$ cat query_25.txt   # compact mmCIF, C-alpha atoms and all ligand atoms
# COMPACT_ATOMS: atom_id res chain seq x y z
CA MET F 10 9.26 -36.46 -49.99
CA ALA F 11 11.64 -38.81 -48.25
CA GLY F 12 13.28 -35.82 -46.70
CA ILE F 13 10.04 -34.58 -45.28
CA ASP F 14 9.18 -37.95 -43.88
CA LYS F 15 12.58 -38.33 -42.38
CA ALA F 16 12.42 -34.91 -40.87
CA ALA F 17 8.98 -35.52 -39.49
CA ILE F 18 9.99 -38.78 -37.95
CA GLY F 19 13.19 -37.35 -36.71
CA PHE F 20 11.44 -34.45 -35.13
CA SER F 21 9.08 -36.71 -33.31
CA ILE F 22 11.91 -38.77 -32.03
CA ALA F 23 13.88 -35.70 -31.22
CA ILE F 24 11.05 -34.48 -29.06
CA VAL F 25 11.32 -37.72 -27.16
CA ALA F 26 15.03 -37.19 -26.88
CA ILE F 27 14.42 -33.78 -25.43
CA GLY F 28 12.10 -35.32 -22.93
CA VAL F 29 14.59 -37.97 -22.04
CA ALA F 30 17.38 -35.50 -21.67
CA PHE F 31 15.45 -33.10 -19.57
CA ALA F 32 13.91 -35.72 -17.42
CA MET F 33 17.33 -36.26 -15.95
CA TYR F 34 17.48 -32.91 -14.32
CA GLY F 35 13.78 -32.27 -14.63
CA ASP F 36 13.34 -34.43 -11.59
CA ALA F 37 15.73 -32.29 -9.67
CA ALA F 38 14.12 -29.15 -10.93
CA GLN F 39 10.76 -30.46 -9.98
CA ASN F 40 11.81 -31.24 -6.46
CA ALA F 41 13.38 -27.87 -6.03
CA GLY F 42 10.99 -25.91 -8.17
CA PRO F 43 7.74 -24.16 -7.50
CA SER F 44 4.73 -26.27 -6.78
CA VAL F 45 2.58 -27.02 -9.76
CA SER F 46 -1.10 -26.42 -10.02
CA ALA F 47 -2.37 -29.74 -11.33
CA PRO F 48 -4.65 -31.08 -8.64
CA ALA F 49 -4.12 -34.76 -9.41
CA VAL F 50 -0.35 -34.67 -9.18
CA THR F 51 1.91 -34.67 -6.19
CA SER F 52 5.58 -34.09 -6.53
CA THR F 53 6.62 -37.11 -4.53
CA ALA F 54 4.49 -39.97 -5.82
CA PRO F 55 5.98 -42.16 -8.56
CA GLU F 56 3.12 -41.16 -10.76
CA PRO F 57 1.21 -43.69 -12.83
CA VAL F 58 -0.05 -40.65 -14.61
CA MET F 59 0.36 -41.71 -18.21
CA ASP F 60 -3.27 -42.37 -18.83
CA GLU F 61 -4.98 -39.80 -16.71
CA PRO F 62 -6.34 -36.76 -18.44
CA LYS F 63 -5.12 -33.55 -16.92
CA ALA F 64 -7.27 -30.57 -16.26
CA THR F 65 -6.57 -27.83 -18.73
CA PRO F 66 -5.65 -24.69 -16.88
CA GLU F 67 -8.07 -21.87 -17.19
CA LYS F 68 -6.65 -18.89 -18.87
CA PRO F 69 -8.37 -16.14 -20.74
CA MET F 70 -7.54 -16.52 -24.39
CA LYS F 71 -5.87 -13.59 -26.00
CA ALA F 72 -8.03 -12.21 -28.75
CA GLY F 73 -6.60 -12.79 -32.18
CA TRP F 74 -3.99 -15.26 -30.97
CA GLU F 75 -3.89 -18.97 -31.47
CA ARG F 76 -3.95 -21.41 -28.61
CA ALA F 77 -2.14 -24.69 -28.15
CA THR F 78 -2.56 -27.15 -25.33
CA SER F 79 0.33 -29.30 -24.24
CA VAL F 80 0.40 -33.06 -24.21
CA GLN F 81 2.35 -35.32 -21.97
CA ASP F 82 5.93 -35.80 -22.99
CA PRO F 83 6.00 -39.26 -24.56
CA GLY F 84 9.43 -40.26 -23.31
CA MET F 85 9.43 -43.58 -21.50
CA GLY F 86 9.50 -43.01 -17.80
CA HIS F 87 9.50 -39.26 -18.34
CA GLU F 88 5.94 -38.48 -17.55
CA SER F 89 6.90 -35.26 -15.88
CA HIS F 90 7.15 -33.13 -19.01
CA GLN F 91 4.75 -31.44 -21.36
CA LEU F 92 5.04 -30.38 -24.97
CA ALA F 93 3.03 -28.33 -27.43
CA VAL F 94 4.01 -28.22 -31.09
CA LEU F 95 3.35 -24.83 -32.67
CA LEU F 96 4.86 -25.35 -36.12
CA ALA F 97 4.85 -28.91 -37.35
CA PRO F 98 8.07 -30.32 -38.73
CA SER F 99 8.85 -29.29 -42.27
CA GLU F 100 11.61 -29.61 -44.77
CA ASN F 101 11.33 -25.84 -45.05
CA THR F 102 12.98 -23.59 -42.53
CA TYR F 103 10.66 -21.38 -40.56
CA SER F 104 11.76 -18.01 -39.29
CA GLY F 105 9.79 -15.46 -37.38
CA THR F 106 9.04 -13.98 -34.04
CA LEU F 107 7.03 -16.01 -31.60
CA LEU F 108 4.88 -14.10 -29.16
CA TYR F 109 3.82 -16.37 -26.34
CA ASP F 110 1.61 -16.05 -23.31
CA ALA F 111 1.40 -19.33 -21.45
CA SER F 112 -0.27 -20.51 -18.29
CA GLU F 113 3.15 -21.09 -16.73
CA ASN F 114 6.82 -20.68 -17.54
CA ILE F 115 7.76 -22.51 -20.72
CA GLN F 116 10.87 -23.42 -22.61
CA LEU F 117 11.26 -22.82 -26.33
CA VAL F 118 12.35 -25.52 -28.73
CA THR F 119 13.39 -25.61 -32.36
CA LEU F 120 14.79 -28.40 -34.44
CA ARG F 121 17.03 -27.93 -37.45
CA GLY F 122 17.90 -30.64 -39.86
CA PRO F 123 18.71 -33.04 -41.11
CA ILE F 124 22.13 -31.44 -41.19
CA GLY F 125 25.31 -32.47 -42.94
CA ALA F 126 27.68 -34.94 -41.36
CA ASP F 127 30.40 -32.31 -41.36
CA GLU F 128 28.45 -29.98 -39.13
CA LYS F 129 29.20 -30.23 -35.45
CA PRO F 130 26.64 -28.23 -33.53
CA ALA F 131 26.61 -28.27 -29.75
CA LYS F 132 23.42 -30.28 -29.54
CA THR F 133 22.63 -33.02 -31.96
CA TRP F 134 20.34 -35.95 -32.08
CA THR F 135 20.21 -38.77 -34.55
CA PRO F 136 17.76 -41.60 -34.98
CA ASP F 137 20.09 -43.77 -37.01
CA GLY F 138 23.56 -42.30 -36.93
CA GLU F 139 23.08 -40.81 -40.39
CA THR F 140 20.17 -38.43 -40.09
CA ILE F 141 21.39 -35.78 -37.72
CA PHE F 142 19.42 -32.93 -36.24
CA GLU F 143 20.42 -29.92 -34.28
CA LEU F 144 18.38 -29.06 -31.24
CA THR F 145 17.91 -25.63 -29.80
CA PHE F 146 16.40 -25.33 -26.37
CA VAL F 147 15.92 -21.98 -24.71
CA ASP F 148 14.66 -21.47 -21.20
CA PRO F 149 13.59 -17.85 -20.85
CA LYS F 150 12.22 -18.60 -17.36
CA ASN F 151 9.02 -16.78 -18.08
CA ALA F 152 5.50 -17.41 -19.29
CA LYS F 153 5.21 -14.41 -21.56
CA GLY F 154 7.62 -13.05 -24.04
CA GLU F 155 8.83 -13.16 -27.56
CA TRP F 156 11.46 -15.14 -29.34
CA GLU F 157 13.04 -14.80 -32.71
CA PHE F 158 13.34 -18.31 -33.95
CA SER F 159 14.51 -20.23 -36.95
CA GLY F 160 14.20 -23.95 -37.53
CA ASN F 161 12.34 -26.78 -39.17
CA ALA F 162 9.86 -27.02 -36.33
CA LEU F 163 8.78 -24.99 -33.31
CA ALA F 164 7.50 -26.25 -30.00
CA VAL F 165 7.24 -25.24 -26.37
CA HIS F 166 7.90 -27.44 -23.37
CA THR F 167 7.75 -27.60 -19.61
CA MET F 168 9.37 -29.89 -17.11
CA PHE F 169 6.18 -30.42 -15.16
CA THR F 170 3.37 -32.91 -15.39
CA ASN F 171 0.48 -30.54 -15.59
CA THR F 172 -1.05 -29.54 -18.88
CA PHE F 173 -0.32 -26.00 -19.92
CA VAL F 174 -1.92 -23.80 -22.50
CA VAL F 175 -0.07 -21.29 -24.57
CA ASP F 176 -1.59 -18.46 -26.54
CA TYR F 177 0.74 -17.48 -29.32
CA LYS F 178 1.14 -15.42 -32.39
CA ILE F 179 3.86 -15.72 -34.97
CA LEU F 180 4.97 -12.52 -36.58
CA ASP F 181 6.85 -12.22 -39.85
CA LEU F 182 6.72 -15.93 -40.49
CA THR F 183 8.74 -16.98 -43.47
CA GLU F 184 9.31 -20.42 -44.87
CA THR F 185 12.47 -21.05 -46.78
CA GLU F 186 12.73 -24.03 -49.05
CA PRO F 187 15.86 -26.12 -48.66
CA MET F 188 17.07 -25.27 -52.16
CA MET F 189 16.90 -21.57 -51.38
CA GLU F 190 18.56 -21.85 -48.04
CA GLU F 191 21.85 -20.08 -47.74
CA LYS F 192 24.30 -22.39 -46.14
CA THR F 193 26.28 -19.53 -44.77
CA VAL F 194 23.47 -18.23 -42.61
CA GLU F 195 23.99 -19.51 -39.12
CA LEU F 196 21.22 -19.72 -36.61
CA GLU F 197 21.48 -17.26 -33.84
CA GLU F 198 20.96 -19.34 -30.79
CA GLU F 199 20.81 -18.73 -27.15
CA VAL F 200 21.04 -22.14 -25.66
CA ALA F 201 20.56 -21.06 -22.12
CA MET F 202 20.78 -24.52 -20.70
CA GLU F 203 23.69 -25.64 -22.77
CA ASP F 204 25.93 -26.41 -19.85
CA THR F 205 23.40 -28.52 -18.07
CA THR F 206 21.90 -30.32 -21.03
CA PRO F 207 23.04 -33.91 -21.18
CA ALA F 208 24.80 -34.66 -24.40
CA MET F 209 22.54 -36.35 -26.89
CA ASP F 210 25.01 -37.15 -29.58
CA GLU F 211 26.52 -40.51 -30.24
CA PRO F 212 24.52 -42.69 -27.92
CA ALA F 213 26.64 -45.56 -26.70
CA GLY F 214 25.39 -49.10 -26.54
CA PRO F 215 21.77 -50.06 -26.94
CA MET F 216 19.59 -47.43 -28.55
CA THR F 217 15.97 -46.53 -28.17
CA HIS F 218 14.08 -46.05 -31.41
CA THR F 219 10.82 -44.21 -31.53
CA VAL F 220 7.79 -45.18 -33.56
CA GLU F 221 4.72 -42.99 -33.55
CA MET F 222 1.11 -43.95 -33.61
CA PRO F 223 0.03 -40.97 -35.70
CA ALA F 224 -3.10 -38.93 -35.24
CA GLY F 225 -6.09 -40.15 -37.20
CA THR F 226 -5.11 -43.80 -37.34
CA SER F 227 -8.29 -44.89 -35.59
CA VAL F 228 -10.05 -44.63 -38.92
CA PRO F 229 -8.84 -46.57 -41.96
CA GLY F 230 -6.72 -44.83 -44.54
CA CYS F 231 -3.24 -44.90 -43.07
CA GLU F 232 -2.78 -48.45 -44.34
CA GLU F 233 -2.86 -47.18 -47.92
CA THR F 234 0.52 -45.56 -47.44
CA ASN F 235 1.75 -47.90 -44.71
CA GLU F 236 1.76 -45.09 -42.16
CA CYS F 237 -0.40 -46.48 -39.38
CA TYR F 238 2.75 -46.69 -37.34
CA SER F 239 5.46 -44.24 -38.27
CA PRO F 240 7.78 -45.64 -39.38
CA ALA F 241 5.79 -48.83 -39.91
CA ASP F 242 8.90 -50.89 -40.55
CA ILE F 243 12.03 -50.37 -38.53
CA THR F 244 15.34 -52.18 -38.33
CA ILE F 245 17.28 -52.23 -35.10
CA ASN F 246 20.04 -54.14 -33.37
CA ALA F 247 19.52 -56.82 -30.77
CA GLY F 248 19.35 -55.20 -27.34
CA ASP F 249 17.75 -52.04 -28.69
CA THR F 250 14.45 -50.76 -27.44
CA VAL F 251 11.55 -49.55 -29.50
CA GLU F 252 9.32 -46.97 -27.94
CA TRP F 253 5.91 -46.50 -29.48
CA VAL F 254 4.49 -43.09 -28.77
CA ASN F 255 0.80 -42.55 -29.20
CA VAL F 256 0.42 -39.02 -30.52
CA ASP F 257 -3.18 -39.75 -31.47
CA THR F 258 -6.10 -38.95 -29.22
CA ALA F 259 -7.47 -42.48 -29.59
CA ALA F 260 -6.07 -45.44 -27.69
CA HIS F 261 -4.12 -48.04 -29.64
CA THR F 262 -2.18 -51.20 -28.94
CA VAL F 263 1.17 -52.53 -30.07
CA THR F 264 0.59 -56.26 -30.19
CA GLY F 265 3.07 -58.77 -31.54
CA GLY F 266 1.52 -60.89 -34.27
CA SER F 267 -0.81 -60.09 -37.14
CA PRO F 268 -4.50 -59.45 -37.59
CA ALA F 269 -4.80 -62.74 -39.50
CA ASP F 270 -2.95 -64.92 -37.01
CA GLY F 271 -3.68 -63.06 -33.82
CA PRO F 272 -1.29 -62.16 -31.03
CA SER F 273 2.08 -63.89 -31.00
CA GLY F 274 2.53 -63.42 -27.30
CA VAL F 275 6.00 -61.95 -27.76
CA PHE F 276 4.94 -58.47 -26.72
CA ASP F 277 1.70 -56.64 -26.11
CA SER F 278 1.29 -53.10 -24.91
CA SER F 279 -2.40 -53.45 -24.04
CA LEU F 280 -4.18 -50.13 -24.50
CA VAL F 281 -1.86 -47.18 -24.92
CA MET F 282 -3.85 -44.04 -24.31
CA GLY F 283 -3.37 -40.84 -26.27
CA GLY F 284 -0.17 -39.15 -25.18
CA ALA F 285 1.17 -42.32 -23.61
CA SER F 286 3.84 -44.67 -24.81
CA TYR F 287 4.96 -48.27 -24.67
CA SER F 288 8.46 -49.69 -24.89
CA PHE F 289 9.81 -53.13 -25.60
CA THR F 290 13.42 -54.27 -25.70
CA PHE F 291 14.25 -56.78 -28.41
CA GLU F 292 16.94 -59.13 -27.19
CA ASP F 293 16.71 -61.66 -30.00
CA ALA F 294 17.33 -61.22 -33.70
CA GLY F 295 14.38 -61.88 -35.93
CA SER F 296 11.44 -60.31 -37.67
CA TYR F 297 8.53 -59.25 -35.53
CA ASP F 298 5.20 -58.23 -37.00
CA TYR F 299 2.77 -56.34 -34.85
CA PHE F 300 -0.64 -54.74 -35.12
CA CYS F 301 -3.26 -52.78 -33.22
CA MET F 302 -5.92 -54.94 -31.62
CA VAL F 303 -8.41 -52.09 -31.77
CA HIS F 304 -7.73 -51.03 -35.35
CA PRO F 305 -6.50 -54.08 -37.24
CA TRP F 306 -5.58 -52.09 -40.34
CA MET F 307 -2.70 -50.77 -38.24
CA VAL F 308 0.28 -53.05 -38.83
CA GLY F 309 4.02 -52.67 -38.49
CA SER F 310 7.19 -54.66 -38.16
CA VAL F 311 10.47 -54.63 -36.29
CA THR F 312 13.49 -56.33 -37.81
CA VAL F 313 16.16 -57.12 -35.26
CA ASN F 314 19.69 -57.73 -36.54
CU CU F 401 -5.22 -48.49 -32.98

$ encode --input "query_25.txt" --output "structure tokens"
Amino acid sequence: MAGIDKAAIGFSIAIVAIGVAFAMYGDAAQNAGPSVSAPAVTSTAPEPVMDEPKATPEKPMKAGWERATSVQDPGMGHESHQLAVLLAPSENTYSGTLLYDASENIQLVTLRGPIGADEKPAKTWTPDGETIFELTFVDPKNAKGEWEFSGNALAVHTMFTNTFVVDYKILDLTETEPMMEEKTVELEEEVAMEDTTPAMDEPAGPMTHTVEMPAGTSVPGCEETNECYSPADITINAGDTVEWVNVDTAAHTVTGGSPADGPSGVFDSSLVMGGASYSFTFEDAGSYDYFCMVHPWMVGSVTVN
């Protein structure tokens, strides 16, 4: 179970890492790229777009296919990207053929891991220096196509701010349990953007740690397993930043203090809408409890060494 949790957390953070990485040239691509169709967005404004719902593009749904709608990339300051998760993170390895038909060009993403410390793939990401994931990112530069994939999760992505929809079908889906996995089988990867992808391994200096506000936390229940923030308790180094990503549809807060004692005043996100995020940099060692002002069963802590 710990493996699944770690993978799930890692995937979520990895998605942020993807967003962070691609934001760097995503801005350039956006300036140079085709205009986007979202009416509320201009390409030049420094968009305070985190909280604004985007119109879902109209697209006839393909009969017999499933549909996913993207959400704003949660990376801090990287509002210009969109993500849709098609296969949620799993300890099992998924393989299959993805047929996709999206409302605009999309990029294809898989995550593999956690992998062994002796593996040295081209693209890695790690939340803690120990749990290491391999990222695969393919840009087919089209909206329709198919992709043979393999990984512990499957998602699609754009480098634009507007919501996209993707109709998809997964053929020949298999799930391989970790025990059954043959270590000798290498993923066949076409990392089209390999040369331009900023390296994500071995971050130097202060790190950013991601904590999710999971879906469904606006009703009680998550407190029974201490999963109202995920992870609810995190240990970091002084100078590190914690980014809380709201993957729920409900708005939440990240408020220093406790439901019993009220806000500490150390940090307070105010309302973080669904799909938005909040970051705080902890300069001083100590233990910091926090909670959600809207849903006081949601509590978490940050320990700063
Ligand atoms: Cu809440």

$ closest_atom_pairs --input "query_25.txt" --of "chain F" --to "ligand CU 401 (chain F)" --cutoff "6 Å" --atoms "all atoms listed in the file" --output "tab-separated table"
residue	atom	partner	partner_atom	distance
F:Ser227	CA	F:CU401	CU	5.4
F:His261	CA	F:CU401	CU	3.5
F:Thr262	CA	F:CU401	CU	5.7
F:Cys301	CA	F:CU401	CU	4.7
F:Val303	CA	F:CU401	CU	5.0
F:His304	CA	F:CU401	CU	4.3

$ residues_around --input "query_25.txt" --residues "F:Trp74" --least-positions-apart "3" --cutoff "9 Å" --atoms "only C-alpha atoms" --output "PyMOL selection string"
chain F and resi 70-71+176-179

$ atom_distance --input "query_25.txt" --atom1 "atom CA of F:Gly265" --atom2 "atom CA of F:Pro305"
12.1 Å

$ residues_around --input "query_25.txt" --residues "stretch 105-119 of chain F" --least-positions-apart "3" --cutoff "6 Å" --atoms "all atoms listed in the file" --output "PyMOL selection string"
chain F and resi 145-148+150-158+160+162-167+173-182

$ atom_distance --input "query_25.txt" --atom1 "atom CA of F:Leu95" --atom2 "atom CA of F:Thr78"
9.7 Å

$ residues_near_point --input "query_25.txt" --point "(3.2, -51.2, -35.8)" --cutoff "10 Å" --atoms "all atoms listed in the file" --output "PyMOL selection string"
chain F and resi 220-222+235-243+253+262-267+297-301+306-311

$ closest_residue --input "query_25.txt" --among "F:Val275, F:Met168, F:Val256, F:Ala64" --to "F:Gly225" --atoms "all atoms listed in the file"
F:Val256

$ closest_residue --input "query_25.txt" --among "F:Leu120, F:Ala259, F:Ala72, F:Ala247" --to "F:Val94" --atoms "all atoms listed in the file"
F:Leu120

$ atom_distance --input "query_25.txt" --atom1 "atom CA of F:Asn246" --atom2 "atom CA of F:Phe289"
12.9 Å
